[in-house]
$ cat run-v2.pdb   # PDB, C-alpha atoms and all ligand atoms
ATOM      1  CA  MET A  22      59.889  -3.498   9.387
ATOM      2  CA  LEU A  23      62.179  -0.675  10.443
ATOM      3  CA  ILE A  24      65.075   0.116   8.112
ATOM      4  CA  PHE A  25      68.265   1.712   9.424
ATOM      5  CA  LYS A  26      71.110   2.996   7.283
ATOM      6  CA  GLU A  27      73.196   4.422  10.106
ATOM      7  CA  LYS A  28      74.941   2.312  12.719
ATOM      8  CA  GLU A  29      74.466   4.722  15.608
ATOM      9  CA  ALA A  30      70.728   5.040  15.020
ATOM     10  CA  LEU A  31      70.448   1.247  14.918
ATOM     11  CA  SER A  32      72.426   0.638  18.081
ATOM     12  CA  ASP A  33      70.523   3.405  19.912
ATOM     13  CA  TYR A  34      67.240   1.852  18.850
ATOM     14  CA  LEU A  35      68.263  -1.662  19.898
ATOM     15  CA  ASN A  36      69.527  -0.394  23.254
ATOM     16  CA  SER A  37      66.218   1.368  23.834
ATOM     17  CA  ILE A  38      64.115  -1.751  23.258
ATOM     18  CA  ARG A  39      66.461  -4.417  24.623
ATOM     19  CA  THR A  40      65.455  -5.588  28.068
ATOM     20  CA  SER A  41      66.352  -8.665  30.053
ATOM     21  CA  GLN A  42      63.255 -10.340  28.629
ATOM     22  CA  GLN A  43      63.667  -9.201  25.005
ATOM     23  CA  ASN A  44      66.446 -11.024  23.202
ATOM     24  CA  VAL A  45      67.895 -10.060  19.843
ATOM     25  CA  GLY A  46      68.718 -12.486  17.021
ATOM     26  CA  PHE A  47      70.804 -11.412  14.054
ATOM     27  CA  VAL A  48      71.046 -12.710  10.473
ATOM     28  CA  PRO A  49      73.841 -11.091   8.419
ATOM     29  CA  THR A  50      73.495 -11.358   4.616
ATOM     30  CA  MET A  51      74.692  -9.837   1.380
ATOM     31  CA  GLY A  52      71.155  -9.735  -0.015
ATOM     32  CA  ALA A  53      69.692 -11.258  -3.188
ATOM     33  CA  LEU A  54      67.682 -13.259  -0.692
ATOM     34  CA  HIS A  55      66.516 -16.806  -1.354
ATOM     35  CA  GLU A  56      64.958 -19.621   0.679
ATOM     36  CA  GLY A  57      68.306 -20.311   2.373
ATOM     37  CA  HIS A  58      68.401 -16.810   3.853
ATOM     38  CA  LEU A  59      64.699 -16.946   4.665
ATOM     39  CA  SER A  60      65.133 -20.186   6.617
ATOM     40  CA  LEU A  61      67.617 -18.314   8.822
ATOM     41  CA  ILE A  62      65.105 -15.491   9.349
ATOM     42  CA  LYS A  63      62.416 -18.047  10.176
ATOM     43  CA  THR A  64      64.610 -19.794  12.763
ATOM     44  CA  CYS A  65      65.624 -16.438  14.215
ATOM     45  CA  ASN A  66      61.967 -15.338  14.480
ATOM     46  CA  ALA A  67      61.083 -18.564  16.278
ATOM     47  CA  LYS A  68      63.917 -18.298  18.803
ATOM     48  CA  ASN A  69      64.149 -14.548  19.435
ATOM     49  CA  ASP A  70      61.898 -11.631  20.321
ATOM     50  CA  ILE A  71      63.573  -9.284  17.848
ATOM     51  CA  THR A  72      64.971 -10.322  14.469
ATOM     52  CA  VAL A  73      67.592  -8.073  12.916
ATOM     53  CA  CYS A  74      68.800  -8.758   9.371
ATOM     54  CA  SER A  75      71.590  -6.897   7.597
ATOM     55  CA  ILE A  76      72.129  -6.567   3.867
ATOM     56  CA  PHE A  77      75.610  -5.382   2.964
ATOM     57  CA  VAL A  78      77.723  -6.486   0.017
ATOM     58  CA  ASN A  79      81.019  -6.328   1.860
ATOM     59  CA  PRO A  80      83.788  -5.212  -0.509
ATOM     60  CA  THR A  81      86.655  -6.374   1.713
ATOM     61  CA  GLN A  82      85.714 -10.052   1.403
ATOM     62  CA  PHE A  83      85.765 -10.077  -2.413
ATOM     63  CA  ASN A  84      89.077 -11.062  -3.939
ATOM     64  CA  ASP A  85      87.671 -10.827  -7.482
ATOM     65  CA  PRO A  86      86.574  -7.297  -8.491
ATOM     66  CA  ASN A  87      84.270  -8.698 -11.192
ATOM     67  CA  ASP A  88      82.482 -10.885  -8.641
ATOM     68  CA  LEU A  89      81.897  -7.786  -6.484
ATOM     69  CA  LYS A  90      80.706  -5.756  -9.474
ATOM     70  CA  ASN A  91      78.341  -8.482 -10.705
ATOM     71  CA  TYR A  92      76.991  -9.463  -7.289
ATOM     72  CA  PRO A  93      73.164  -9.176  -7.559
ATOM     73  CA  ARG A  94      71.514  -6.343  -5.579
ATOM     74  CA  PRO A  95      67.700  -6.638  -5.935
ATOM     75  CA  ILE A  96      67.084  -4.485  -2.870
ATOM     76  CA  GLU A  97      63.378  -3.712  -3.356
ATOM     77  CA  LYS A  98      62.536  -7.396  -3.712
ATOM     78  CA  ASP A  99      64.660  -8.194  -0.629
ATOM     79  CA  VAL A 100      62.849  -5.588   1.481
ATOM     80  CA  GLN A 101      59.528  -7.080   0.394
ATOM     81  CA  LEU A 102      60.645 -10.627   1.259
ATOM     82  CA  LEU A 103      61.881  -9.593   4.701
ATOM     83  CA  THR A 104      58.682  -7.662   5.389
ATOM     84  CA  ASN A 105      56.622 -10.702   4.419
ATOM     85  CA  MET A 106      58.733 -12.899   6.713
ATOM     86  CA  GLY A 107      58.037 -10.639   9.700
ATOM     87  CA  CYS A 108      61.635  -9.468  10.127
ATOM     88  CA  ASP A 109      61.647  -6.594  12.647
ATOM     89  CA  VAL A 110      64.692  -4.589  11.671
ATOM     90  CA  LEU A 111      66.809  -4.286   8.519
ATOM     91  CA  PHE A 112      70.268  -2.727   8.626
ATOM     92  CA  LEU A 113      71.149  -1.452   5.162
ATOM     93  CA  PRO A 114      74.333   0.612   5.362
ATOM     94  CA  GLU A 115      76.364   2.162   2.537
ATOM     95  CA  VAL A 116      80.048   1.188   2.206
ATOM     96  CA  GLN A 117      81.096   4.570   3.651
ATOM     97  CA  GLU A 118      79.084   3.890   6.820
ATOM     98  CA  MET A 119      80.930   0.620   7.504
ATOM     99  CA  TYR A 120      84.347   1.696   6.249
ATOM    100  CA  PRO A 121      84.796   5.404   6.965
ATOM    101  CA  GLU A 122      87.964   6.869   5.472
ATOM    102  CA  ASN A 123      91.146   6.894   7.556
ATOM    103  CA  THR A 124      90.154   4.032   9.839
ATOM    104  CA  GLU A 125      92.703   1.332  10.550
ATOM    105  CA  THR A 126      92.182  -2.195   9.265
ATOM    106  CA  GLU A 127      92.281  -4.742  12.071
ATOM    107  CA  ILE A 128      94.095  -8.032  11.431
ATOM    108  CA  TYR A 129      92.563 -11.118  13.070
ATOM    109  CA  ASP A 130      94.363 -14.236  14.263
ATOM    110  CA  LEU A 131      92.346 -16.836  12.356
ATOM    111  CA  GLU A 132      94.988 -19.454  11.614
ATOM    112  CA  PRO A 133      95.086 -22.317  10.777
ATOM    113  CA  ILE A 134      91.527 -22.241   9.328
ATOM    114  CA  GLU A 135      92.060 -19.017   7.411
ATOM    115  CA  SER A 136      94.490 -20.237   4.785
ATOM    116  CA  ILE A 137      93.065 -23.634   3.797
ATOM    117  CA  LEU A 138      90.203 -24.525   1.399
ATOM    118  CA  GLU A 139      88.365 -21.244   0.630
ATOM    119  CA  GLY A 140      91.236 -19.269   2.134
ATOM    120  CA  LYS A 141      93.739 -20.838  -0.249
ATOM    121  CA  PHE A 142      91.726 -19.832  -3.323
ATOM    122  CA  ARG A 143      90.351 -16.534  -1.996
ATOM    123  CA  LYS A 144      93.280 -14.711  -0.425
ATOM    124  CA  GLY A 145      92.195 -12.268   2.273
ATOM    125  CA  HIS A 146      88.567 -13.397   2.085
ATOM    126  CA  PHE A 147      88.229 -14.455   5.709
ATOM    127  CA  GLN A 148      89.986 -11.343   7.045
ATOM    128  CA  GLY A 149      87.278  -9.391   5.186
ATOM    129  CA  VAL A 150      84.539 -11.600   6.622
ATOM    130  CA  ALA A 151      85.913 -11.228  10.155
ATOM    131  CA  GLN A 152      86.245  -7.470   9.695
ATOM    132  CA  ILE A 153      82.599  -6.945   8.711
ATOM    133  CA  VAL A 154      81.108  -9.434  11.179
ATOM    134  CA  ASP A 155      83.152  -7.859  13.986
ATOM    135  CA  LYS A 156      81.763  -4.430  13.083
ATOM    136  CA  LEU A 157      78.189  -5.767  12.863
ATOM    137  CA  LEU A 158      78.439  -7.591  16.211
ATOM    138  CA  GLN A 159      79.737  -4.421  17.873
ATOM    139  CA  ILE A 160      76.756  -2.447  16.590
ATOM    140  CA  ILE A 161      73.993  -5.016  17.085
ATOM    141  CA  GLU A 162      75.254  -6.974  20.131
ATOM    142  CA  PRO A 163      72.936  -9.912  19.365
ATOM    143  CA  ASP A 164      72.181 -12.673  21.838
ATOM    144  CA  THR A 165      72.272 -15.166  18.970
ATOM    145  CA  LEU A 166      73.870 -15.025  15.540
ATOM    146  CA  TYR A 167      72.381 -17.211  12.787
ATOM    147  CA  LEU A 168      74.586 -18.588  10.011
ATOM    148  CA  GLY A 169      74.064 -21.207   7.311
ATOM    149  CA  GLN A 170      75.996 -24.465   7.123
ATOM    150  CA  LYS A 171      76.319 -23.750   3.376
ATOM    151  CA  ASP A 172      79.373 -21.641   4.331
ATOM    152  CA  PHE A 173      80.863 -24.218   6.678
ATOM    153  CA  GLN A 174      84.343 -22.704   6.917
ATOM    154  CA  GLN A 175      82.873 -19.245   7.451
ATOM    155  CA  CYS A 176      80.916 -20.595  10.449
ATOM    156  CA  MET A 177      84.182 -21.812  11.975
ATOM    157  CA  ILE A 178      85.922 -18.501  11.301
ATOM    158  CA  ILE A 179      83.106 -16.556  12.961
ATOM    159  CA  SER A 180      83.045 -18.963  15.886
ATOM    160  CA  LYS A 181      86.752 -18.192  16.315
ATOM    161  CA  LEU A 182      86.110 -14.445  16.034
ATOM    162  CA  ILE A 183      83.435 -14.613  18.759
ATOM    163  CA  LYS A 184      85.916 -16.326  21.103
ATOM    164  CA  LEU A 185      88.767 -14.002  20.129
ATOM    165  CA  LYS A 186      86.709 -10.895  20.877
ATOM    166  CA  ASN A 187      84.790 -12.360  23.848
ATOM    167  CA  TYR A 188      81.406 -11.557  22.358
ATOM    168  CA  ASN A 189      78.465 -12.579  24.480
ATOM    169  CA  THR A 190      76.780 -14.067  21.408
ATOM    170  CA  GLN A 191      75.743 -17.631  20.750
ATOM    171  CA  LEU A 192      76.244 -19.043  17.281
ATOM    172  CA  TYR A 193      73.443 -21.068  15.717
ATOM    173  CA  ILE A 194      74.046 -22.938  12.454
ATOM    174  CA  THR A 195      71.105 -23.931  10.254
ATOM    175  CA  PRO A 196      71.071 -26.630   7.542
ATOM    176  CA  THR A 197      71.743 -25.892   3.880
ATOM    177  CA  GLN A 198      68.591 -25.292   1.836
ATOM    178  CA  ARG A 199      68.691 -26.974  -1.563
ATOM    179  CA  GLU A 200      66.802 -26.861  -4.830
ATOM    180  CA  GLU A 201      64.893 -30.034  -5.714
ATOM    181  CA  ASP A 202      67.827 -31.333  -7.743
ATOM    182  CA  GLY A 203      70.211 -30.909  -4.800
ATOM    183  CA  LEU A 204      71.897 -27.647  -5.813
ATOM    184  CA  ALA A 205      72.602 -25.570  -2.708
ATOM    185  CA  MET A 206      70.704 -22.290  -2.919
ATOM    186  CA  SER A 207      72.981 -19.344  -3.499
ATOM    187  CA  SER A 208      72.636 -15.741  -4.644
ATOM    188  CA  ARG A 209      75.164 -16.555  -7.368
ATOM    189  CA  ASN A 210      72.871 -19.243  -8.884
ATOM    190  CA  MET A 211      70.801 -16.546 -10.580
ATOM    191  CA  ARG A 212      73.813 -15.738 -12.760
ATOM    192  CA  LEU A 213      74.040 -19.276 -14.161
ATOM    193  CA  THR A 214      73.017 -19.796 -17.802
ATOM    194  CA  PRO A 215      70.346 -22.497 -18.360
ATOM    195  CA  THR A 216      73.070 -24.980 -19.396
ATOM    196  CA  GLN A 217      75.245 -24.136 -16.386
ATOM    197  CA  ARG A 218      72.196 -24.377 -14.104
ATOM    198  CA  GLN A 219      71.523 -27.877 -15.417
ATOM    199  CA  LEU A 220      75.077 -28.959 -14.658
ATOM    200  CA  ALA A 221      75.413 -27.222 -11.284
ATOM    201  CA  PRO A 222      73.832 -30.024  -9.125
ATOM    202  CA  LEU A 223      76.865 -32.133 -10.007
ATOM    203  CA  LEU A 224      78.670 -30.557  -7.046
ATOM    204  CA  TYR A 225      76.099 -31.989  -4.656
ATOM    205  CA  GLN A 226      76.192 -35.332  -6.475
ATOM    206  CA  CYS A 227      79.956 -35.461  -5.893
ATOM    207  CA  LEU A 228      79.418 -34.827  -2.167
ATOM    208  CA  VAL A 229      76.815 -37.586  -1.984
ATOM    209  CA  SER A 230      79.184 -39.934  -3.765
ATOM    210  CA  ILE A 231      81.965 -39.071  -1.278
ATOM    211  CA  GLN A 232      79.506 -39.825   1.512
ATOM    212  CA  SER A 233      78.128 -43.068   0.105
ATOM    213  CA  LYS A 234      81.504 -44.535  -0.848
ATOM    214  CA  ARG A 235      83.105 -43.910   2.527
ATOM    215  CA  ASN A 236      83.055 -47.577   3.511
ATOM    216  CA  LEU A 237      83.928 -48.863   0.041
ATOM    217  CA  HIS A 238      86.929 -47.028  -1.412
ATOM    218  CA  PRO A 239      89.876 -44.942  -0.280
ATOM    219  CA  PHE A 240      89.057 -41.224  -0.411
ATOM    220  CA  SER A 241      91.821 -40.507  -2.958
ATOM    221  CA  ARG A 242      90.008 -42.689  -5.491
ATOM    222  CA  VAL A 243      86.612 -41.022  -4.951
ATOM    223  CA  GLN A 244      88.296 -37.605  -5.002
ATOM    224  CA  LYS A 245      89.893 -38.327  -8.387
ATOM    225  CA  GLU A 246      86.609 -39.642  -9.819
ATOM    226  CA  CYS A 247      84.911 -36.393  -8.784
ATOM    227  CA  PHE A 248      87.699 -34.189 -10.173
ATOM    228  CA  ASP A 249      87.621 -36.077 -13.481
ATOM    229  CA  LEU A 250      83.830 -35.980 -13.766
ATOM    230  CA  LEU A 251      83.614 -32.256 -13.026
ATOM    231  CA  THR A 252      86.432 -31.448 -15.445
ATOM    232  CA  LYS A 253      84.816 -33.564 -18.167
ATOM    233  CA  LYS A 254      81.548 -31.645 -17.740
ATOM    234  CA  GLY A 255      83.315 -28.281 -18.133
ATOM    235  CA  PHE A 256      83.836 -27.252 -14.488
ATOM    236  CA  GLN A 257      87.120 -26.027 -13.081
ATOM    237  CA  PRO A 258      87.231 -27.818  -9.720
ATOM    238  CA  GLU A 259      89.303 -25.956  -7.109
ATOM    239  CA  TYR A 260      89.197 -28.340  -4.192
ATOM    240  CA  ILE A 261      87.416 -31.539  -3.175
ATOM    241  CA  GLU A 262      88.396 -32.502   0.363
ATOM    242  CA  ILE A 263      87.256 -34.255   3.498
ATOM    243  CA  ALA A 264      88.022 -32.686   6.859
ATOM    244  CA  ASP A 265      87.429 -33.103  10.560
ATOM    245  CA  CYS A 266      84.098 -31.459  11.388
ATOM    246  CA  GLU A 267      85.315 -29.704  14.509
ATOM    247  CA  THR A 268      88.846 -28.601  13.591
ATOM    248  CA  LEU A 269      88.585 -28.567   9.786
ATOM    249  CA  GLN A 270      91.870 -30.466   9.651
ATOM    250  CA  ILE A 271      92.077 -31.876   6.118
ATOM    251  CA  LEU A 272      92.199 -35.694   6.074
ATOM    252  CA  GLU A 273      94.075 -37.933   3.651
ATOM    253  CA  ASP A 274      91.496 -40.695   3.967
ATOM    254  CA  TYR A 275      88.205 -41.539   5.641
ATOM    255  CA  GLU A 276      88.573 -42.161   9.384
ATOM    256  CA  PRO A 277      85.715 -44.279  10.753
ATOM    257  CA  HIS A 278      85.669 -42.770  14.242
ATOM    258  CA  ARG A 279      85.873 -39.140  13.213
ATOM    259  CA  LYS A 280      83.031 -36.784  12.428
ATOM    260  CA  MET A 281      83.880 -35.659   8.904
ATOM    261  CA  VAL A 282      82.669 -33.102   6.396
ATOM    262  CA  ALA A 283      83.203 -33.159   2.629
ATOM    263  CA  LEU A 284      83.808 -29.758   1.037
ATOM    264  CA  ILE A 285      83.874 -28.780  -2.602
ATOM    265  CA  ALA A 286      84.463 -25.661  -4.723
ATOM    266  CA  ALA A 287      84.343 -25.407  -8.494
ATOM    267  CA  LYS A 288      83.944 -22.755 -11.133
ATOM    268  CA  ILE A 289      81.556 -23.031 -14.002
ATOM    269  CA  GLY A 290      82.222 -20.251 -16.476
ATOM    270  CA  ASP A 291      83.111 -17.307 -14.240
ATOM    271  CA  ILE A 292      80.744 -18.384 -11.457
ATOM    272  CA  ARG A 293      82.239 -20.001  -8.415
ATOM    273  CA  LEU A 294      80.096 -22.452  -6.456
ATOM    274  CA  ILE A 295      80.755 -24.068  -3.079
ATOM    275  CA  ASP A 296      78.997 -26.763  -1.109
ATOM    276  CA  ASN A 297      79.592 -29.233   1.731
ATOM    277  CA  LEU A 298      78.053 -32.278   3.337
ATOM    278  CA  ILE A 299      78.540 -33.770   6.772
ATOM    279  CA  LEU A 300      79.304 -37.449   6.320
ATOM    280  CA  GLU A 301      77.528 -38.647   9.450
ATOM    281  CA  GLU A 302      73.865 -38.363  10.256
ATOM    282  CA  ASN A 303      73.953 -36.031  13.269
ATOM    283  CA  MET A 304      74.734 -32.495  12.264
ATOM    284  CA  PRO A 305      76.143 -30.053  14.800
ATOM    285  CA  THR A 306      74.073 -26.886  15.212
ATOM    286  CA  HIS A 307      76.488 -25.229  17.644
ATOM    287  CA  PHE A 308      80.235 -24.725  17.378
TER     288      PHE A 308
HETATM  289  P1  LIG B 401      75.307 -14.529   2.027
HETATM  290  O1  LIG B 401      74.223 -13.573   1.678
HETATM  291  O2  LIG B 401      75.716 -15.406   0.910
HETATM  292  O3  LIG B 401      76.464 -13.860   2.738
HETATM  293  O4  LIG B 401      74.667 -15.511   3.100
HETATM  294  C1  LIG B 401      74.111 -15.033   4.287
HETATM  295  C2  LIG B 401      73.846 -16.189   5.214
HETATM  296  O5  LIG B 401      72.935 -17.103   4.591
HETATM  297  C3  LIG B 401      75.113 -16.982   5.537
HETATM  298  O6  LIG B 401      75.095 -17.377   6.906
HETATM  299  C4  LIG B 401      74.997 -18.192   4.627
HETATM  300  O7  LIG B 401      75.671 -19.326   5.098
HETATM  301  C5  LIG B 401      73.492 -18.402   4.624
HETATM  302  N1  LIG B 401      73.098 -19.166   3.437
HETATM  303  C6  LIG B 401      73.435 -18.922   2.155
HETATM  304  N2  LIG B 401      72.944 -19.881   1.345
HETATM  305  C7  LIG B 401      72.291 -20.756   2.152
HETATM  306  C8  LIG B 401      71.565 -21.969   1.919
HETATM  307  N3  LIG B 401      71.433 -22.480   0.708
HETATM  308  N4  LIG B 401      71.025 -22.595   2.980
HETATM  309  C9  LIG B 401      71.156 -22.086   4.237
HETATM  310  N5  LIG B 401      71.827 -20.948   4.521
HETATM  311  C10 LIG B 401      72.381 -20.289   3.492
END
$ encode --input "run-v2.pdb" --output "structure tokens" --more "lines below"
Ligand code: AMP
Amino acid sequence: MLIFKEKEALSDYLNSIRTSQQNVGFVPTMGALHEGHLSLIKTCNAKNDITVCSIFVNPTQFNDPNDLKNYPRPIEKDVQLLTNMGCDVLFLPEVQEMYPENTETEIYDLEPIESILEGKFRKGHFQGVAQIVDKLLQIIEPDTLYLGQKDFQQCMIISKLIKLKNYNTQLYITPTQREEDGLAMSSRNMRLTPTQRQLAPLLYQCLVSIQSKRNLHPFSRVQKECFDLLTKKGFQPEYIEIADCETLQILEDYEPHRKMVALIAAKIGDIRLIDNLILEENMPTHF
């Protein structure tokens, strides 16, 4: 696996090997890789000639300085995992490389998705996400970009960014990888204490309950049950919502003819977890 730390060297290299027959797939990450990330690499390998992965803990998308400081960075282990997976290229820039001093910050038109759900609780988060993904797409110019459904709202934001900037990149969304007890894999899970880890699958259980009760009760009742249960178990739930799968419009109640997604965010101690579940069987892989 080739490792690049400088954007120009990476883009020169990719331009030198890219031909009409060789297509490039790209998997952006913040590292601390787990099976969720590796499933993206695997899909990318299967569908592209060249797999590029990036590891960059992007400071502009963190609204909580402690979260940024404590974000795990096991870089040697990550390099080993990517090598074992057969990833071709790793982009591993320093902050200075992505955000040189005296460069202007671009503002993206991401409304109305930007300020709901995650955006409501993490002010500026999606501007930061758009900023870094825009920079990475400019450098790498991938044919296909691979993202995980785990970050459902982020997928929609990036889909919007691709349209906004007319990138010639297709977006491919892969399913959420879970632990055996249902907990969505996340780099933040490694910071959970054993007690918190035991409780954490409750988020997924709430989503399953929202899904299974959709023909039985009004959503407001199921929503309250979930809030109460999480609070009782020591979580601080931030939101539990159902939304239209394509527009992310938040819905008051289940609507039988709509494709819906349930989304949840809760803190346990100082660790914030998110998850989502599509309420119908057929999951979209393209936005
Ligand atoms: P992150 O390193 O958290 O920025 O995630 C990098 C990519 O991996 C994003 O597209 C995430 O949606 C995806 N991802 C994270 N966790 C999972 C998971 N459990 N299953 C599938 N994809 C995931």
$ resolve_selection --input "run-v2.pdb" --expression "the PyMOL selection byres (((chain A and resi 172) around 9) and not hetatm)" --output "ChimeraX atom specification"
/A:168-171,173-176,197,295-297
$ closest_residue --input "run-v2.pdb" --among "A:Asp70, A:Asp85, A:Glu267, A:Glu201" --to "ligand LIG 401 (chain B)" --atoms "only C-alpha atoms and all ligand atoms"
A:Glu201
$ residues_near_ligand --input "run-v2.pdb" --ligand "ligand LIG 401 (chain B)" --cutoff "9 Å" --atoms "all atoms listed in the file" --output "ChimeraX atom specification"
/A:48-61,76-79,167-173,175-176,194-200,204-209,296
$ resolve_selection --input "run-v2.pdb" --expression "the PyMOL selection byres (((chain A and resi 275) around 9) and not hetatm)" --output "mmCIF file with C-alpha atoms, in the frame of the given file"
data_model
loop_
_atom_site.group_PDB
_atom_site.id
_atom_site.type_symbol
_atom_site.label_atom_id
_atom_site.label_comp_id
_atom_site.auth_asym_id
_atom_site.auth_seq_id
_atom_site.Cartn_x
_atom_site.Cartn_y
_atom_site.Cartn_z
ATOM 1 C CA ARG A 235 83.105 -43.910 2.527
ATOM 2 C CA ASN A 236 83.055 -47.577 3.511
ATOM 3 C CA PRO A 239 89.876 -44.942 -0.280
ATOM 4 C CA PHE A 240 89.057 -41.224 -0.411
ATOM 5 C CA ILE A 263 87.256 -34.255 3.498
ATOM 6 C CA ALA A 264 88.022 -32.686 6.859
ATOM 7 C CA LEU A 272 92.199 -35.694 6.074
ATOM 8 C CA GLU A 273 94.075 -37.933 3.651
ATOM 9 C CA ASP A 274 91.496 -40.695 3.967
ATOM 10 C CA GLU A 276 88.573 -42.161 9.384
ATOM 11 C CA PRO A 277 85.715 -44.279 10.753
ATOM 12 C CA ARG A 279 85.873 -39.140 13.213
ATOM 13 C CA MET A 281 83.880 -35.659 8.904
#
$ residues_around --input "run-v2.pdb" --residues "region 145-158 of chain A" --least-positions-apart "5" --cutoff "7 Å" --atoms "all atoms listed in the file" --output "short mmCIF file (atom, residue, chain, number, x, y, z; two decimals) with C-alpha atoms, keeping the file's coordinate frame"
data_model
loop_
_atom_site.label_atom_id
_atom_site.label_comp_id
_atom_site.auth_asym_id
_atom_site.auth_seq_id
_atom_site.Cartn_x
_atom_site.Cartn_y
_atom_site.Cartn_z
CA THR A 81 86.66 -6.37 1.71
CA GLN A 82 85.71 -10.05 1.40
CA PHE A 83 85.76 -10.08 -2.41
CA ASN A 84 89.08 -11.06 -3.94
CA ILE A 128 94.10 -8.03 11.43
CA TYR A 129 92.56 -11.12 13.07
CA GLU A 135 92.06 -19.02 7.41
CA GLY A 140 91.24 -19.27 2.13
CA PRO A 163 72.94 -9.91 19.36
CA ILE A 179 83.11 -16.56 12.96
CA LEU A 182 86.11 -14.44 16.03
#
$ residues_around --input "run-v2.pdb" --residues "Ile271 (chain A)" --least-positions-apart "3" --cutoff "9 Å" --atoms "only C-alpha atoms" --output "list of chain:residue names"
A:Ile137, A:Leu138, A:Glu262, A:Ile263, A:Ala264, A:Asp265, A:Thr268
$ atom_distance --input "run-v2.pdb" --atom1 "CA of Tyr193 (chain A)" --atom2 "CA of Asp99 (chain A)"
22.6 Å
$ resolve_selection --input "run-v2.pdb" --expression "the PyMOL selection byres (((chain A and resi 229) around 12) and not hetatm)" --output "VMD selection string"
chain A and resid 203 to 204 222 to 228 230 to 235 243 to 244 247 282 to 285 296 to 301
$ decode --input "run-v2.pdb" --residues "region 84-135 of chain A" --atoms "C-alpha atoms" --output "CSV table (one decimal), in the first residue's frame"
chain,number,residue,atom,x,y,z
A,84,ASN,CA,-18.1,20.9,17.9
A,85,ASP,CA,-16.8,19.5,21.2
A,86,PRO,CA,-13.0,20.1,21.8
A,87,ASN,CA,-12.9,17.1,24.2
A,88,ASP,CA,-14.3,14.8,21.6
A,89,LEU,CA,-11.6,15.9,19.1
A,90,LYS,CA,-8.9,15.5,21.8
A,91,ASN,CA,-10.1,12.1,22.9
A,92,TYR,CA,-10.8,10.7,19.4
A,93,PRO,CA,-8.7,7.5,19.1
A,94,ARG,CA,-5.8,7.5,16.7
A,95,PRO,CA,-4.2,4.0,16.5
A,96,ILE,CA,-2.5,4.7,13.2
A,97,GLU,CA,-0.1,1.8,13.1
A,98,LYS,CA,-2.9,-0.7,13.6
A,99,ASP,CA,-4.9,1.1,10.9
A,100,VAL,CA,-2.1,0.9,8.4
A,101,GLN,CA,-1.8,-2.8,9.1
A,102,LEU,CA,-5.5,-3.4,8.7
A,103,LEU,CA,-5.6,-1.5,5.4
A,104,THR,CA,-2.6,-3.4,4.1
A,105,ASN,CA,-4.2,-6.7,5.0
A,106,MET,CA,-7.4,-5.7,3.2
A,107,GLY,CA,-5.5,-4.9,0.0
A,108,CYS,CA,-6.1,-1.2,0.0
A,109,ASP,CA,-4.0,0.4,-2.7
A,110,VAL,CA,-3.4,3.9,-1.5
A,111,LEU,CA,-3.7,5.6,1.9
A,112,PHE,CA,-3.9,9.4,2.2
A,113,LEU,CA,-2.7,10.5,5.6
A,114,PRO,CA,-2.4,14.3,5.7
A,115,GLU,CA,-1.6,16.5,8.7
A,116,VAL,CA,-4.1,19.3,9.6
A,117,GLN,CA,-1.7,21.9,8.1
A,118,GLU,CA,-1.9,20.1,4.7
A,119,MET,CA,-5.7,20.3,4.6
A,120,TYR,CA,-6.1,23.7,6.2
A,121,PRO,CA,-3.1,25.8,5.3
A,122,GLU,CA,-3.1,29.2,7.1
A,123,ASN,CA,-4.8,32.2,5.5
A,124,THR,CA,-7.2,30.2,3.3
A,125,GLU,CA,-10.8,31.2,3.2
A,126,THR,CA,-13.5,29.0,4.6
A,127,GLU,CA,-16.2,28.1,2.1
A,128,ILE,CA,-19.8,28.2,3.2
A,129,TYR,CA,-22.0,25.5,1.6
A,130,ASP,CA,-25.8,25.7,1.0
A,131,LEU,CA,-26.9,22.6,2.8
A,132,GLU,CA,-30.3,23.6,4.1
A,133,PRO,CA,-32.7,22.3,5.1
A,134,ILE,CA,-30.9,19.1,6.0
A,135,GLU,CA,-28.0,20.9,7.8
